[in-house]
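**Q** Structure supplied as final_21.pdb; contents: PDB, C-alpha atoms, pLDDT in the B column.
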MODEL        1
ATOM      1  CA  ILE V   1      96.223-131.957 216.796  1.00 92.00           C
ATOM      2  CA  ASP V   2      99.973-132.587 216.605  1.00 93.00           C
ATOM      3  CA  ILE V   3     101.499-132.318 220.079  1.00 96.00           C
ATOM      4  CA  PRO V   4     105.280-132.596 220.324  1.00 97.00           C
ATOM      5  CA  PRO V   5     106.739-134.595 223.214  1.00 97.00           C
ATOM      6  CA  GLY V   6     107.451-132.365 226.207  1.00 97.00           C
ATOM      7  CA  GLU V   7     105.007-129.624 225.114  1.00 98.00           C
ATOM      8  CA  ALA V   8     103.183-128.476 228.262  1.00 97.00           C
ATOM      9  CA  HIS V   9     100.868-125.807 226.767  1.00 98.00           C
ATOM     10  CA  TYR V  10      99.640-126.955 223.346  1.00 98.00           C
ATOM     11  CA  ARG V  11      96.458-125.094 222.334  1.00 98.00           C
ATOM     12  CA  ILE V  12      93.670-125.776 219.874  1.00 97.00           C
ATOM     13  CA  ALA V  13      90.609-123.657 219.200  1.00 97.00           C
ATOM     14  CA  ASP V  14      87.491-123.817 217.073  1.00 96.00           C
ATOM     15  CA  ALA V  15      84.271-121.855 216.636  1.00 97.00           C
ATOM     16  CA  TYR V  16      80.871-121.914 214.978  1.00 97.00           C
ATOM     17  CA  THR V  17      78.511-118.999 214.433  1.00 98.00           C
ATOM     18  CA  LEU V  18      74.825-119.772 214.800  1.00 98.00           C
ATOM     19  CA  PRO V  19      72.728-118.956 211.719  1.00 98.00           C
ATOM     20  CA  VAL V  20      69.510-119.017 213.810  1.00 98.00           C
ATOM     21  CA  ASP V  21      68.223-118.305 217.322  1.00 98.00           C
ATOM     22  CA  ALA V  22      68.710-121.218 219.721  1.00 98.00           C
ATOM     23  CA  GLU V  23      69.127-122.180 223.363  1.00 98.00           C
ATOM     24  CA  VAL V  24      71.971-124.265 224.751  1.00 98.00           C
ATOM     25  CA  LEU V  25      70.601-127.033 226.982  1.00 98.00           C
ATOM     26  CA  ALA V  26      73.722-129.098 227.678  1.00 98.00           C
ATOM     27  CA  ILE V  27      77.448-129.290 226.997  1.00 97.00           C
ATOM     28  CA  GLN V  28      79.652-132.355 226.551  1.00 96.00           C
ATOM     29  CA  PRO V  29      83.451-132.081 226.619  1.00 96.00           C
ATOM     30  CA  HIS V  30      85.582-134.827 225.091  1.00 95.00           C
ATOM     31  CA  ALA V  31      89.341-135.259 225.282  1.00 96.00           C
ATOM     32  CA  HIS V  32      91.786-137.941 226.296  1.00 95.00           C
ATOM     33  CA  TYR V  33      94.599-138.022 228.879  1.00 95.00           C
ATOM     34  CA  ARG V  34      96.752-135.055 227.880  1.00 97.00           C
ATOM     35  CA  ALA V  35      94.044-132.387 227.980  1.00 96.00           C
ATOM     36  CA  LYS V  36      94.534-129.949 230.803  1.00 96.00           C
ATOM     37  CA  GLU V  37      92.092-127.074 230.330  1.00 97.00           C
ATOM     38  CA  ILE V  38      88.768-126.785 228.485  1.00 97.00           C
ATOM     39  CA  LEU V  39      87.010-123.500 227.823  1.00 98.00           C
ATOM     40  CA  GLY V  40      83.668-123.035 226.053  1.00 98.00           C
ATOM     41  CA  THR V  41      82.335-119.534 225.423  1.00 98.00           C
ATOM     42  CA  ALA V  42      79.351-117.888 223.757  1.00 98.00           C
ATOM     43  CA  THR V  43      80.107-114.495 222.212  1.00 98.00           C
ATOM     44  CA  PHE V  44      76.887-112.674 221.450  1.00 98.00           C
ATOM     45  CA  PRO V  45      76.266-110.410 218.449  1.00 98.00           C
ATOM     46  CA  ASP V  46      76.563-107.311 220.714  1.00 98.00           C
ATOM     47  CA  GLY V  47      80.144-108.336 221.641  1.00 97.00           C
ATOM     48  CA  THR V  48      79.422-109.514 225.175  1.00 98.00           C
ATOM     49  CA  SER V  49      80.329-113.069 226.116  1.00 98.00           C
ATOM     50  CA  LYS V  50      79.421-115.791 228.589  1.00 98.00           C
ATOM     51  CA  VAL V  51      81.594-118.693 229.705  1.00 98.00           C
ATOM     52  CA  LEU V  52      79.513-121.846 229.295  1.00 97.00           C
ATOM     53  CA  MET V  53      82.137-124.316 230.530  1.00 96.00           C
ATOM     54  CA  HIS V  54      85.588-123.938 232.053  1.00 97.00           C
ATOM     55  CA  ILE V  55      87.499-126.911 233.387  1.00 96.00           C
ATOM     56  CA  THR V  56      90.964-125.996 234.631  1.00 96.00           C
ATOM     57  CA  ASP V  57      92.196-129.511 235.495  1.00 95.00           C
ATOM     58  CA  TRP V  58      90.623-131.974 233.033  1.00 95.00           C
ATOM     59  CA  ASP V  59      90.215-135.626 233.929  1.00 93.00           C
ATOM     60  CA  PHE V  60      89.452-138.265 231.239  1.00 91.00           C
ATOM     61  CA  ARG V  61      86.652-139.623 233.443  1.00 90.00           C
ATOM     62  CA  TRP V  62      84.661-136.380 233.117  1.00 88.00           C
ATOM     63  CA  GLN V  63      83.367-137.067 229.602  1.00 88.00           C
ATOM     64  CA  HIS V  64      79.719-136.645 230.460  1.00 92.00           C
ATOM     65  CA  VAL V  65      76.795-134.565 229.279  1.00 95.00           C
ATOM     66  CA  TYR V  66      76.471-131.578 231.599  1.00 95.00           C
ATOM     67  CA  ARG V  67      72.888-130.293 231.542  1.00 97.00           C
ATOM     68  CA  LEU V  68      72.309-126.636 232.337  1.00 96.00           C
ATOM     69  CA  VAL V  69      69.814-125.871 235.111  1.00 96.00           C
ATOM     70  CA  THR V  70      68.594-122.890 233.077  1.00 97.00           C
ATOM     71  CA  PRO V  71      68.963-122.936 229.259  1.00 97.00           C
ATOM     72  CA  VAL V  72      71.058-120.093 227.858  1.00 97.00           C
ATOM     73  CA  PRO V  73      69.419-118.166 224.993  1.00 98.00           C
ATOM     74  CA  LEU V  74      71.699-117.704 221.986  1.00 98.00           C
ATOM     75  CA  PRO V  75      70.541-115.165 219.396  1.00 98.00           C
ATOM     76  CA  LYS V  76      71.341-115.611 215.700  1.00 98.00           C
ATOM     77  CA  GLY V  77      74.954-114.589 215.119  1.00 98.00           C
ATOM     78  CA  THR V  78      76.231-115.928 218.461  1.00 98.00           C
ATOM     79  CA  ARG V  79      79.705-117.411 218.132  1.00 98.00           C
ATOM     80  CA  LEU V  80      80.209-120.639 220.094  1.00 98.00           C
ATOM     81  CA  SER V  81      83.902-121.243 220.668  1.00 98.00           C
ATOM     82  CA  MET V  82      86.117-123.749 222.395  1.00 97.00           C
ATOM     83  CA  GLN V  83      89.745-123.754 223.443  1.00 98.00           C
ATOM     84  CA  TYR V  84      91.658-126.740 224.764  1.00 98.00           C
ATOM     85  CA  VAL V  85      95.115-126.781 226.331  1.00 98.00           C
ATOM     86  CA  TYR V  86      97.111-130.034 226.431  1.00 98.00           C
ATOM     87  CA  ASP V  87     100.089-131.073 228.515  1.00 98.00           C
ATOM     88  CA  ASN V  88     102.277-133.690 226.820  1.00 98.00           C
ATOM     89  CA  SER V  89     105.108-133.353 229.310  1.00 97.00           C
ATOM     90  CA  GLU V  90     106.411-135.707 231.978  1.00 96.00           C
ATOM     91  CA  ALA V  91     104.905-133.333 234.574  1.00 96.00           C
ATOM     92  CA  ASN V  92     101.400-134.406 233.504  1.00 96.00           C
ATOM     93  CA  VAL V  93     100.602-137.276 235.876  1.00 94.00           C
ATOM     94  CA  ARG V  94      97.782-138.417 233.531  1.00 94.00           C
ATOM     95  CA  ASN V  95     100.069-138.680 230.490  1.00 95.00           C
ATOM     96  CA  PRO V  96      99.973-142.378 229.507  1.00 93.00           C
ATOM     97  CA  GLU V  97     103.375-142.166 227.773  1.00 93.00           C
ATOM     98  CA  VAL V  98     106.537-141.847 229.854  1.00 91.00           C
ATOM     99  CA  PRO V  99     108.650-140.538 228.338  1.00 96.00           C
ATOM    100  CA  PRO V 100     106.156-138.518 226.278  1.00 97.00           C
ATOM    101  CA  ARG V 101     105.850-139.247 222.537  1.00 95.00           C
ATOM    102  CA  ARG V 102     104.435-137.161 219.678  1.00 95.00           C
ATOM    103  CA  VAL V 103     100.629-137.327 219.756  1.00 94.00           C
ATOM    104  CA  TRP V 104      98.186-136.701 216.914  1.00 90.00           C
ATOM    105  CA  TRP V 105      94.424-136.512 216.653  1.00 89.00           C
ATOM    106  CA  GLY V 106      92.862-139.936 216.797  1.00 83.00           C
ATOM    107  CA  GLN V 107      89.945-142.004 218.029  1.00 79.00           C
ATOM    108  CA  ARG V 108      92.019-144.183 220.340  1.00 83.00           C
ATOM    109  CA  SER V 109      92.721-143.157 223.934  1.00 85.00           C
ATOM    110  CA  ARG V 110      96.479-143.188 223.268  1.00 87.00           C
ATOM    111  CA  ASP V 111      95.799-140.468 220.662  1.00 90.00           C
ATOM    112  CA  GLU V 112      94.208-137.137 221.523  1.00 93.00           C
ATOM    113  CA  MET V 113      90.940-135.384 220.755  1.00 92.00           C
ATOM    114  CA  GLY V 114      89.292-132.085 221.537  1.00 94.00           C
ATOM    115  CA  ASP V 115      85.550-131.810 221.121  1.00 93.00           C
ATOM    116  CA  LEU V 116      83.039-129.629 222.892  1.00 95.00           C
ATOM    117  CA  TRP V 117      79.496-130.485 221.882  1.00 95.00           C
ATOM    118  CA  PHE V 118      76.635-128.110 222.564  1.00 96.00           C
ATOM    119  CA  GLN V 119      73.102-129.500 222.714  1.00 97.00           C
ATOM    120  CA  LEU V 120      70.935-126.834 221.130  1.00 97.00           C
ATOM    121  CA  LEU V 121      67.207-126.276 220.908  1.00 98.00           C
ATOM    122  CA  THR V 122      66.111-124.252 217.891  1.00 98.00           C
ATOM    123  CA  LYS V 123      62.783-122.492 217.404  1.00 97.00           C
ATOM    124  CA  SER V 124      61.680-124.536 214.383  1.00 97.00           C
ATOM    125  CA  GLU V 125      62.338-127.768 212.508  1.00 98.00           C
ATOM    126  CA  ARG V 126      63.672-125.734 209.569  1.00 98.00           C
ATOM    127  CA  ASP V 127      66.226-124.026 211.861  1.00 98.00           C
ATOM    128  CA  ARG V 128      67.216-127.395 213.364  1.00 97.00           C
ATOM    129  CA  ALA V 129      67.767-128.875 209.899  1.00 98.00           C
ATOM    130  CA  LEU V 130      69.961-125.912 208.867  1.00 97.00           C
ATOM    131  CA  VAL V 131      72.169-126.136 211.975  1.00 97.00           C
ATOM    132  CA  THR V 132      72.385-129.938 211.699  1.00 96.00           C
ATOM    133  CA  ALA V 133      73.451-129.768 208.043  1.00 95.00           C
ATOM    134  CA  GLN V 134      76.115-127.119 208.721  1.00 96.00           C
ATOM    135  CA  ILE V 135      77.531-128.874 211.781  1.00 94.00           C
ATOM    136  CA  THR V 136      77.547-132.297 210.103  1.00 93.00           C
ATOM    137  CA  ARG V 137      79.480-130.899 207.137  1.00 93.00           C
ATOM    138  CA  LYS V 138      81.944-129.062 209.446  1.00 93.00           C
ATOM    139  CA  MET V 139      82.560-132.076 211.688  1.00 91.00           C
ATOM    140  CA  THR V 140      82.896-134.485 208.753  1.00 93.00           C
ATOM    141  CA  ALA V 141      85.514-132.268 207.089  1.00 91.00           C
ATOM    142  CA  GLU V 142      87.436-132.032 210.384  1.00 90.00           C
ATOM    143  CA  ASP V 143      87.283-135.819 210.841  1.00 89.00           C
ATOM    144  CA  ILE V 144      88.605-136.336 207.295  1.00 92.00           C
ATOM    145  CA  THR V 145      91.602-134.131 208.114  1.00 90.00           C
ATOM    146  CA  GLY V 146      92.197-136.136 211.287  1.00 87.00           C
ATOM    147  CA  TYR V 147      91.958-139.525 209.600  1.00 88.00           C
ATOM    148  CA  GLU V 148      94.233-138.421 206.751  1.00 91.00           C
ATOM    149  CA  THR V 149      96.789-137.328 209.365  1.00 86.00           C
ATOM    150  CA  MET V 150      96.526-140.741 211.043  1.00 85.00           C
ATOM    151  CA  LEU V 151      97.028-142.443 207.663  1.00 90.00           C
ATOM    152  CA  LYS V 152     100.300-140.536 207.178  1.00 87.00           C
ATOM    153  CA  VAL V 153     101.504-142.153 210.400  1.00 84.00           C
ATOM    154  CA  ASP V 154     100.105-145.610 209.586  1.00 87.00           C
ATOM    155  CA  PRO V 155      99.379-145.857 205.826  1.00 93.00           C
ATOM    156  CA  GLY V 156      98.716-149.606 206.023  1.00 94.00           C
ATOM    157  CA  ASP V 157      95.802-149.364 208.476  1.00 92.00           C
ATOM    158  CA  THR V 158      92.843-150.690 206.457  1.00 94.00           C
ATOM    159  CA  GLU V 159      90.289-149.653 209.112  1.00 91.00           C
ATOM    160  CA  LEU V 160      91.423-146.039 208.816  1.00 89.00           C
ATOM    161  CA  HIS V 161      91.162-146.214 205.003  1.00 93.00           C
ATOM    162  CA  ASP V 162      87.610-147.548 205.357  1.00 94.00           C
ATOM    163  CA  ASP V 163      86.675-144.858 207.911  1.00 92.00           C
ATOM    164  CA  VAL V 164      87.926-141.966 205.768  1.00 93.00           C
ATOM    165  CA  ALA V 165      86.295-143.440 202.644  1.00 95.00           C
ATOM    166  CA  LEU V 166      82.927-143.500 204.415  1.00 94.00           C
ATOM    167  CA  LEU V 167      83.403-139.887 205.461  1.00 94.00           C
ATOM    168  CA  TYR V 168      84.148-138.856 201.868  1.00 93.00           C
ATOM    169  CA  LEU V 169      81.035-140.702 200.731  1.00 93.00           C
ATOM    170  CA  GLY V 170      79.051-138.788 203.329  1.00 88.00           C
ATOM    171  CA  LEU V 171      80.231-135.497 201.844  1.00 86.00           C
ATOM    172  CA  GLY V 172      79.314-136.698 198.353  1.00 86.00           C
TER     173      GLY V 172
ENDMDL
END
For this file, produce the structure as structure tokens.

**A**
Amino acid sequence: IDIPPGEAHYRIADAYTLPVDAEVLAIQPHAHYRAKEILGTATFPDGTSKVLMHITDWDFRWQHVYRLVTPVPLPKGTRLSMQYVYDNSEANVRNPEVPPRRVWWGQRSRDEMGDLWFQLLTKSERDRALVTAQITRKMTAEDITGYETMLKVDPGDTELHDDVALLYLGLG
């Protein structure tokens, strides 16, 4: 995430393809003040798709776990995707910076994030372990990229150096 000041329609997207059958039980969106729209979709192996979450006017206070009334079955090969749109303009009444400043990915609320977590139930412990290992590796690599970007902005931040070092250790 690298949102220029004044940018009203900055987009990010990500996806993960399930290596096993699963069911989605809950969804948790996470973003800070500049997020505007959140879209989560399941695209099935046959090419059809289902919107699992669509928030058209995001509010920072909505970072909750949203449990589905009926779990959605996801066959092996389903692509879970997310798209976030951010508004870093003065027109965004939730923008904490007036005038707007450049915003990068970061853990602090003055930074920005874009996560959409899916709580999945797999059919076996072996399947759960496979998905967990893949997702952990994917998320750790993404976090390393984010922390390294933050270190370019603030190379003297010892906490950030410690955080990224622990992530590298986690990847071996």

**Q** Given the file above and the PyMOL selection byres ((chain V and resi 119-124) around 12), which residues are selected, and can you give them as a VMD selection string?

**A** chain V and resid 18 to 29 52 65 to 68 71 to 76 80 116 to 118 125 to 132 135

**Q** For range 106-114 of chain V, find every residue with an atom within 10 Å (counting all atoms listed in the file), except residues of its own chain fewer than 6 positions away, and show them as a PDB file with C-alpha atoms, keeping the file's coordinate frame.

**A**
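Wrote it out as out_29.pdb, contents follow:
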ATOM      1  CA  ILE V   1      96.223-131.957 216.796  1.00 92.00           C
ATOM      2  CA  ASP V   2      99.973-132.587 216.605  1.00 93.00           C
ATOM      3  CA  ILE V   3     101.499-132.318 220.079  1.00 96.00           C
ATOM      4  CA  ILE V  12      93.670-125.776 219.874  1.00 97.00           C
ATOM      5  CA  ALA V  13      90.609-123.657 219.200  1.00 97.00           C
ATOM      6  CA  ASP V  14      87.491-123.817 217.073  1.00 96.00           C
ATOM      7  CA  PRO V  29      83.451-132.081 226.619  1.00 96.00           C
ATOM      8  CA  HIS V  30      85.582-134.827 225.091  1.00 95.00           C
ATOM      9  CA  ALA V  31      89.341-135.259 225.282  1.00 96.00           C
ATOM     10  CA  HIS V  32      91.786-137.941 226.296  1.00 95.00           C
ATOM     11  CA  TYR V  33      94.599-138.022 228.879  1.00 95.00           C
ATOM     12  CA  ARG V  34      96.752-135.055 227.880  1.00 97.00           C
ATOM     13  CA  ALA V  35      94.044-132.387 227.980  1.00 96.00           C
ATOM     14  CA  ILE V  38      88.768-126.785 228.485  1.00 97.00           C
ATOM     15  CA  PHE V  60      89.452-138.265 231.239  1.00 91.00           C
ATOM     16  CA  MET V  82      86.117-123.749 222.395  1.00 97.00           C
ATOM     17  CA  GLN V  83      89.745-123.754 223.443  1.00 98.00           C
ATOM     18  CA  TYR V  84      91.658-126.740 224.764  1.00 98.00           C
ATOM     19  CA  VAL V  85      95.115-126.781 226.331  1.00 98.00           C
ATOM     20  CA  TYR V  86      97.111-130.034 226.431  1.00 98.00           C
ATOM     21  CA  ASN V  95     100.069-138.680 230.490  1.00 95.00           C
ATOM     22  CA  PRO V  96      99.973-142.378 229.507  1.00 93.00           C
ATOM     23  CA  GLU V  97     103.375-142.166 227.773  1.00 93.00           C
ATOM     24  CA  ASP V 143      87.283-135.819 210.841  1.00 89.00           C
ATOM     25  CA  GLY V 146      92.197-136.136 211.287  1.00 87.00           C
ATOM     26  CA  TYR V 147      91.958-139.525 209.600  1.00 88.00           C
ATOM     27  CA  THR V 149      96.789-137.328 209.365  1.00 86.00           C
ATOM     28  CA  MET V 150      96.526-140.741 211.043  1.00 85.00           C
TER      29      MET V 150
END

**Q** Just checking: using all atoms listed in the file, which residue out of V:Ile55, V:Ala15, V:Ala165, V:Val93 ends up closest to Ala42 in chain V?

**A** V:Ala15

**Q** Using only C-alpha atoms, which protein or nucleic acid residues come within 7 Å of Asp87 in chain V? Drop anything in the same chain fewer than 4 positions from it, and give the result as a list of chain:residue names.

**A**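 Those residues are V:Glu7, V:Ala8, V:His9, V:Tyr10, V:Arg34, V:Ala35, V:Lys36, V:Asn92.
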
**Q** Kindly export the residues of the current selection with C-alpha atoms, as a PDB file, keeping the file's coordinate frame.

**A**
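Full text of result.pdb as output:
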ATOM      1  CA  GLU V   7     105.007-129.624 225.114  1.00 98.00           C
ATOM      2  CA  ALA V   8     103.183-128.476 228.262  1.00 97.00           C
ATOM      3  CA  HIS V   9     100.868-125.807 226.767  1.00 98.00           C
ATOM      4  CA  TYR V  10      99.640-126.955 223.346  1.00 98.00           C
ATOM      5  CA  ARG V  34      96.752-135.055 227.880  1.00 97.00           C
ATOM      6  CA  ALA V  35      94.044-132.387 227.980  1.00 96.00           C
ATOM      7  CA  LYS V  36      94.534-129.949 230.803  1.00 96.00           C
ATOM      8  CA  ASN V  92     101.400-134.406 233.504  1.00 96.00           C
TER       9      ASN V  92
END

**Q** Which neighbours of Leu151 in chain V fall inside 12 Å, counting all atoms listed in the file, when residues of the same chain fewer than 3 positions from it are skipped, and could you give them as a PyMOL selection string?

**A** chain V and resi 104-106+144-148+154-165

**Q** Hey, can you check how far CA of Arg101 in chain V sits from CA of Ala141 in chain V?

**A**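 Calculated distance between CA of Arg101 in chain V and CA of Ala141 in chain V is 26.5 Å.
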
**Q** So the first atom is CA of Asp57 in chain V and the second is CA of Tyr16 in chain V; what is the distance between them in Å, to one decimal place?

**A** 24.6 Å

**Q** Write out as lines of an AutoDock Vina configuration file an axis-aligned box for range 89-98 of chain V: all of its atoms listed in the file, 4 Å added on each side, centre and edge lengths in Å with one decimal.

**A**
center_x = 102.2
center_y = -137.9
center_z = 231.8
size_x = 16.8
size_y = 17.0
size_z = 16.1

**Q** Measure the distance from CA of Arg11 in chain V to CA of Gln134 in chain V in Å and round it to one decimal.

**A**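 One can read the CA of Arg11 in chain V to CA of Gln134 in chain V distance as 24.6 Å.
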
**Q** Which residues are near Ser49 in chain V? Cut-off 10 Å, all atoms listed in the file, ignore same chain within fewer than 5 positions. Put them as a list in words.

**A**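 Listing them by chain and then by number gives Thr41, Ala42, Thr43, Phe44, Thr78, Arg79 and Leu80 of chain V.
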
**Q** Given the choices V:Gly172, V:His54, V:Val69, V:Asn88, which gets closest to Pro100 in chain V if the distance is worked out from all atoms listed in the file?

**A**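 Answer, going by the shortest atom-to-atom distance: V:Asn88.
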